[in-house]
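Here the structure comes first, spelled out in structure tokens, and everything after it is commentary.
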Amino acid sequence: MAKMFRPSSRESRIVREIESKKERDRRRALGAIRDCLDPMSNSVATKLVENKIVETTNKNGLEERIRQCLEDLARKSADRDNDAFEIDYQCAPYRQVVAQPHIVSLYLTAFVIEKLIDDKDVIDIFGSDEDIYNCVNEQVIKYLP
């Protein structure tokens, strides 16, 4: 017969604290998006083009699409009812790209891979999911905690 594992109250408290810290960091990052929409969308778009991950005919159009994606994310995070589901649904296929993903970077990565490929200004997208995530995350962490 298998031994039943019952965590002590101390272990449970530590696990709850870790999870609440992750949730607090997530909310803080999602709440800070509106403060840095323009510079973040500009730097992400520029870096994607510079690193030759996205080939585009119109860099300004790419920047505008990323800005719309960030506005959409900010709107979803402001809506407390759909916050977790809508955002997690979009990010779910890419959650395993890195061990501890930044929620905004993960959402933008999912956007680039799934939706940006169909944009009229985008010719092609190159690189693995991890390459795209690392490029996006490098820019996002400059603006968000």
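Residues in the structure tokens are numbered from 1 in each chain, the chains being A, B, ... in the order shown, and ligands are numbered from 1 in the order shown.
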What's around range 39-41 of chain A at 12 Å? Count only C-alpha atoms, leave out sequence neighbours fewer than 2 positions away in its own chain, and write the answer as a PDB file with C-alpha atoms, in the first residue's frame.
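Done, and the output landed in out_27.pdb:
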ATOM      1  CA  ALA A  32       2.121  48.103 -15.827  1.00  0.00           C
ATOM      2  CA  ILE A  33       1.588  47.443 -19.542  1.00  0.00           C
ATOM      3  CA  ARG A  34      -0.387  50.649 -20.171  1.00  0.00           C
ATOM      4  CA  ASP A  35       2.463  52.789 -18.838  1.00  0.00           C
ATOM      5  CA  CYS A  36       4.934  51.636 -21.485  1.00  0.00           C
ATOM      6  CA  LEU A  37       2.907  50.640 -24.554  1.00  0.00           C
ATOM      7  CA  SER A  43      11.640  48.040 -29.073  1.00  0.00           C
ATOM      8  CA  VAL A  44      10.042  44.593 -29.542  1.00  0.00           C
ATOM      9  CA  ALA A  45       9.275  45.288 -33.209  1.00  0.00           C
ATOM     10  CA  THR A  46      12.751  46.701 -33.823  1.00  0.00           C
ATOM     11  CA  LYS A  47      14.484  43.762 -32.167  1.00  0.00           C
ATOM     12  CA  LEU A  48      12.397  41.198 -34.062  1.00  0.00           C
ATOM     13  CA  LYS A  59       8.210  47.994 -39.736  1.00  0.00           C
ATOM     14  CA  ASN A  60       5.711  50.633 -38.584  1.00  0.00           C
ATOM     15  CA  GLY A  61       2.836  48.266 -39.343  1.00  0.00           C
ATOM     16  CA  LEU A  62       4.558  45.560 -37.305  1.00  0.00           C
ATOM     17  CA  GLU A  63       5.008  47.985 -34.412  1.00  0.00           C
ATOM     18  CA  GLU A  64       1.325  48.960 -34.585  1.00  0.00           C
ATOM     19  CA  ARG A  65       0.197  45.300 -34.526  1.00  0.00           C
ATOM     20  CA  ILE A  66       2.372  44.626 -31.460  1.00  0.00           C
ATOM     21  CA  ARG A  67       0.970  47.747 -29.802  1.00  0.00           C
ATOM     22  CA  GLN A  68      -2.583  46.505 -30.478  1.00  0.00           C
ATOM     23  CA  CYS A  69      -1.644  43.144 -28.973  1.00  0.00           C
ATOM     24  CA  LEU A  70      -0.335  44.849 -25.833  1.00  0.00           C
ATOM     25  CA  GLU A  71      -3.475  46.999 -25.596  1.00  0.00           C
ATOM     26  CA  VAL A 104       3.779  39.378 -21.153  1.00  0.00           C
ATOM     27  CA  SER A 105       6.675  37.853 -23.106  1.00  0.00           C
ATOM     28  CA  LEU A 108       3.622  38.327 -27.234  1.00  0.00           C
ATOM     29  CA  VAL A 136      10.747  39.322 -27.024  1.00  0.00           C
ATOM     30  CA  ASN A 137      11.603  38.736 -23.358  1.00  0.00           C
ATOM     31  CA  GLU A 138      14.899  40.622 -23.690  1.00  0.00           C
ATOM     32  CA  GLN A 139      12.903  43.750 -24.567  1.00  0.00           C
ATOM     33  CA  VAL A 140       9.931  43.227 -22.221  1.00  0.00           C
ATOM     34  CA  ILE A 141      12.048  42.930 -19.062  1.00  0.00           C
ATOM     35  CA  LYS A 142      13.511  46.363 -19.783  1.00  0.00           C
ATOM     36  CA  TYR A 143      10.061  47.888 -19.201  1.00  0.00           C
ATOM     37  CA  LEU A 144       8.218  45.494 -16.892  1.00  0.00           C
TER      38      LEU A 144
END
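Using only C-alpha atoms, the protein and nucleic acid residues lying no more than 10 Å from Val54 in chain A, apart from those fewer than 2 places from it along its own chain, are Ala45, Thr46, Lys47, Leu48, Val49, Glu50, Asn51, Lys52, Thr56, Thr57, Lys59, Leu62, Val112, Leu116, Ile117, Val122, Ile123, Asp124, Ile125, Phe126, Gly127 and Ile132 of chain A.
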Restricting the output to N, CA and C atoms, write the selected residues as a PDB file, in the first residue's frame.
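And here is the file that came out, again.pdb:
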ATOM      1  N   ALA A  45       9.338  45.347 -31.748  1.00  0.00           N
ATOM      2  CA  ALA A  45       9.275  45.288 -33.209  1.00  0.00           C
ATOM      3  C   ALA A  45      10.664  45.485 -33.821  1.00  0.00           C
ATOM      4  N   THR A  46      11.408  46.438 -33.313  1.00  0.00           N
ATOM      5  CA  THR A  46      12.751  46.701 -33.823  1.00  0.00           C
ATOM      6  C   THR A  46      13.657  45.496 -33.633  1.00  0.00           C
ATOM      7  N   LYS A  47      13.615  44.896 -32.454  1.00  0.00           N
ATOM      8  CA  LYS A  47      14.484  43.762 -32.167  1.00  0.00           C
ATOM      9  C   LYS A  47      14.107  42.539 -33.003  1.00  0.00           C
ATOM     10  N   LEU A  48      12.816  42.323 -33.223  1.00  0.00           N
ATOM     11  CA  LEU A  48      12.397  41.198 -34.062  1.00  0.00           C
ATOM     12  C   LEU A  48      12.913  41.357 -35.492  1.00  0.00           C
ATOM     13  N   VAL A  49      12.912  42.587 -35.985  1.00  0.00           N
ATOM     14  CA  VAL A  49      13.402  42.842 -37.338  1.00  0.00           C
ATOM     15  C   VAL A  49      14.933  42.777 -37.374  1.00  0.00           C
ATOM     16  N   GLU A  50      15.601  43.378 -36.383  1.00  0.00           N
ATOM     17  CA  GLU A  50      17.061  43.372 -36.332  1.00  0.00           C
ATOM     18  C   GLU A  50      17.630  41.963 -36.229  1.00  0.00           C
ATOM     19  N   ASN A  51      16.999  41.114 -35.435  1.00  0.00           N
ATOM     20  CA  ASN A  51      17.473  39.738 -35.251  1.00  0.00           C
ATOM     21  C   ASN A  51      17.032  38.822 -36.385  1.00  0.00           C
ATOM     22  N   LYS A  52      16.360  39.403 -37.374  1.00  0.00           N
ATOM     23  CA  LYS A  52      15.894  38.666 -38.552  1.00  0.00           C
ATOM     24  C   LYS A  52      14.976  37.501 -38.183  1.00  0.00           C
ATOM     25  N   THR A  56       9.578  41.705 -42.760  1.00  0.00           N
ATOM     26  CA  THR A  56       8.389  42.513 -43.000  1.00  0.00           C
ATOM     27  C   THR A  56       8.644  43.552 -44.084  1.00  0.00           C
ATOM     28  N   THR A  57       7.557  44.013 -44.679  1.00  0.00           N
ATOM     29  CA  THR A  57       7.655  45.086 -45.661  1.00  0.00           C
ATOM     30  C   THR A  57       7.416  46.444 -45.015  1.00  0.00           C
ATOM     31  N   LYS A  59       7.864  48.106 -41.155  1.00  0.00           N
ATOM     32  CA  LYS A  59       8.210  47.994 -39.736  1.00  0.00           C
ATOM     33  C   LYS A  59       7.210  48.747 -38.862  1.00  0.00           C
ATOM     34  N   LEU A  62       4.230  46.594 -38.302  1.00  0.00           N
ATOM     35  CA  LEU A  62       4.558  45.560 -37.305  1.00  0.00           C
ATOM     36  C   LEU A  62       4.483  46.138 -35.901  1.00  0.00           C
ATOM     37  N   VAL A 112       3.038  36.502 -31.909  1.00  0.00           N
ATOM     38  CA  VAL A 112       3.931  36.502 -33.069  1.00  0.00           C
ATOM     39  C   VAL A 112       3.799  35.193 -33.842  1.00  0.00           C
ATOM     40  N   LEU A 116       0.610  36.903 -36.030  1.00  0.00           N
ATOM     41  CA  LEU A 116       1.397  37.837 -36.842  1.00  0.00           C
ATOM     42  C   LEU A 116       1.768  37.237 -38.192  1.00  0.00           C
ATOM     43  N   ILE A 117       1.844  35.940 -38.253  1.00  0.00           N
ATOM     44  CA  ILE A 117       2.187  35.261 -39.513  1.00  0.00           C
ATOM     45  C   ILE A 117       1.146  35.565 -40.597  1.00  0.00           C
ATOM     46  N   VAL A 122       3.739  41.142 -42.983  1.00  0.00           N
ATOM     47  CA  VAL A 122       4.757  40.160 -42.609  1.00  0.00           C
ATOM     48  C   VAL A 122       4.971  39.184 -43.754  1.00  0.00           C
ATOM     49  N   ILE A 123       6.216  39.057 -44.163  1.00  0.00           N
ATOM     50  CA  ILE A 123       6.568  38.131 -45.241  1.00  0.00           C
ATOM     51  C   ILE A 123       6.754  36.727 -44.663  1.00  0.00           C
ATOM     52  N   ASP A 124       7.588  36.618 -43.604  1.00  0.00           N
ATOM     53  CA  ASP A 124       7.826  35.318 -42.990  1.00  0.00           C
ATOM     54  C   ASP A 124       8.367  35.513 -41.577  1.00  0.00           C
ATOM     55  N   ILE A 125       8.263  34.454 -40.775  1.00  0.00           N
ATOM     56  CA  ILE A 125       8.793  34.444 -39.413  1.00  0.00           C
ATOM     57  C   ILE A 125       9.781  33.295 -39.320  1.00  0.00           C
ATOM     58  N   PHE A 126      10.962  33.595 -38.801  1.00  0.00           N
ATOM     59  CA  PHE A 126      12.027  32.605 -38.711  1.00  0.00           C
ATOM     60  C   PHE A 126      12.371  32.340 -37.243  1.00  0.00           C
ATOM     61  N   GLY A 127      13.006  31.213 -36.968  1.00  0.00           N
ATOM     62  CA  GLY A 127      13.474  30.902 -35.624  1.00  0.00           C
ATOM     63  C   GLY A 127      12.519  29.983 -34.887  1.00  0.00           C
ATOM     64  N   ILE A 132      12.222  33.143 -30.487  1.00  0.00           N
ATOM     65  CA  ILE A 132      11.260  34.247 -30.505  1.00  0.00           C
ATOM     66  C   ILE A 132      10.988  34.725 -29.079  1.00  0.00           C
TER      67      ILE A 132
END
Original post:
Can you list, as an NGL selection string, every residue of range 103-134 of chain A that DSSP puts in alpha helix (DSSP H)?
Top reply: :A and (103-114 or 129-134)
Take the selection from the previous step and output its residues with N, CA and C atoms, as a compact mmCIF listing (two decimals), in the first residue's frame.
# COMPACT_ATOMS: atom_id res chain seq x y z
N ILE A 103 4.84 36.48 -18.21
CA ILE A 103 3.51 36.37 -18.82
C ILE A 103 3.37 37.26 -20.05
N VAL A 104 3.90 38.47 -20.01
CA VAL A 104 3.78 39.38 -21.15
C VAL A 104 4.62 38.87 -22.33
N SER A 105 5.82 38.40 -22.05
CA SER A 105 6.67 37.85 -23.11
C SER A 105 6.04 36.62 -23.73
N LEU A 106 5.44 35.79 -22.90
CA LEU A 106 4.80 34.59 -23.40
C LEU A 106 3.60 34.93 -24.28
N TYR A 107 2.80 35.91 -23.87
CA TYR A 107 1.64 36.34 -24.65
C TYR A 107 2.08 36.92 -25.99
N LEU A 108 3.12 37.75 -25.98
CA LEU A 108 3.62 38.33 -27.23
C LEU A 108 4.22 37.25 -28.14
N THR A 109 4.89 36.27 -27.55
CA THR A 109 5.44 35.17 -28.35
C THR A 109 4.32 34.40 -29.03
N ALA A 110 3.27 34.10 -28.29
CA ALA A 110 2.11 33.40 -28.87
C ALA A 110 1.49 34.24 -29.98
N PHE A 111 1.42 35.56 -29.78
CA PHE A 111 0.87 36.45 -30.80
C PHE A 111 1.72 36.42 -32.07
N VAL A 112 3.04 36.50 -31.91
CA VAL A 112 3.93 36.50 -33.07
C VAL A 112 3.80 35.19 -33.84
N ILE A 113 3.78 34.07 -33.13
CA ILE A 113 3.76 32.77 -33.78
C ILE A 113 2.41 32.47 -34.43
N GLU A 114 1.32 32.79 -33.75
CA GLU A 114 0.00 32.39 -34.22
C GLU A 114 -0.69 33.42 -35.11
N ASP A 129 10.48 28.62 -31.38
CA ASP A 129 9.64 29.27 -30.36
C ASP A 129 10.53 29.89 -29.28
N GLU A 130 11.57 29.18 -28.91
CA GLU A 130 12.47 29.66 -27.86
C GLU A 130 13.24 30.90 -28.32
N ASP A 131 13.67 30.93 -29.57
CA ASP A 131 14.36 32.11 -30.11
C ASP A 131 13.46 33.34 -30.08
N ILE A 132 12.22 33.14 -30.49
CA ILE A 132 11.26 34.25 -30.50
C ILE A 132 10.99 34.73 -29.08
N TYR A 133 10.78 33.78 -28.16
CA TYR A 133 10.52 34.14 -26.76
C TYR A 133 11.70 34.93 -26.20
N ASN A 134 12.92 34.45 -26.41
CA ASN A 134 14.11 35.12 -25.85
C ASN A 134 14.27 36.53 -26.41
Original post:
as a PyMOL selection string, which residues of chain A does DSSP assign to strand (DSSP E or B)?
Top reply: chain A and resi 54-56+122-125
Could the residues in this selection be saved with C-alpha atoms as a PDB file, in the first residue's frame?
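Once everything was written out, this is out_10.pdb:
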ATOM      1  CA  VAL A  54      10.393  38.643 -38.591  1.00  0.00           C
ATOM      2  CA  GLU A  55      10.759  39.663 -42.221  1.00  0.00           C
ATOM      3  CA  THR A  56       8.389  42.513 -43.000  1.00  0.00           C
ATOM      4  CA  VAL A 122       4.757  40.160 -42.609  1.00  0.00           C
ATOM      5  CA  ILE A 123       6.568  38.131 -45.241  1.00  0.00           C
ATOM      6  CA  ASP A 124       7.826  35.318 -42.990  1.00  0.00           C
ATOM      7  CA  ILE A 125       8.793  34.444 -39.413  1.00  0.00           C
TER       8      ILE A 125
END
Using only C-alpha atoms, I'd like a table of the residues in range 44-126 of chain A that come within 12 Å of range 12-22 of chain A; for each, show the closest atom pair and its distance in Å rounded to one decimal, ordered by chain and ascending number, as CSV.
residue,atom,partner,partner_atom,distance
A:Gln100,CA,A:Lys22,CA,10.0
A:Pro101,CA,A:Lys22,CA,10.9
A:His102,CA,A:Lys22,CA,10.2
A:Ile103,CA,A:Lys22,CA,10.4
Output for the residues just chosen: C-alpha atoms as a CSV table (one decimal), in the first residue's frame:
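Done, and the output landed in out.csv:
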chain,number,residue,atom,x,y,z
A,100,GLN,CA,9.7,30.4,-15.6
A,101,PRO,CA,8.2,32.5,-18.4
A,102,HIS,CA,7.2,36.1,-18.1
A,103,ILE,CA,3.5,36.4,-18.8
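Put simply, CA of Pro93 in chain A is 25.6 Å away from CA of Asn42 in chain A.
CA of Ser77 in chain A to CA of Arg27 in chain A spans 7.9 Å [interatomic distance, one decimal].
Separating CA of Glu11 in chain A from CA of Val97 in chain A is a distance of 28.3 Å.
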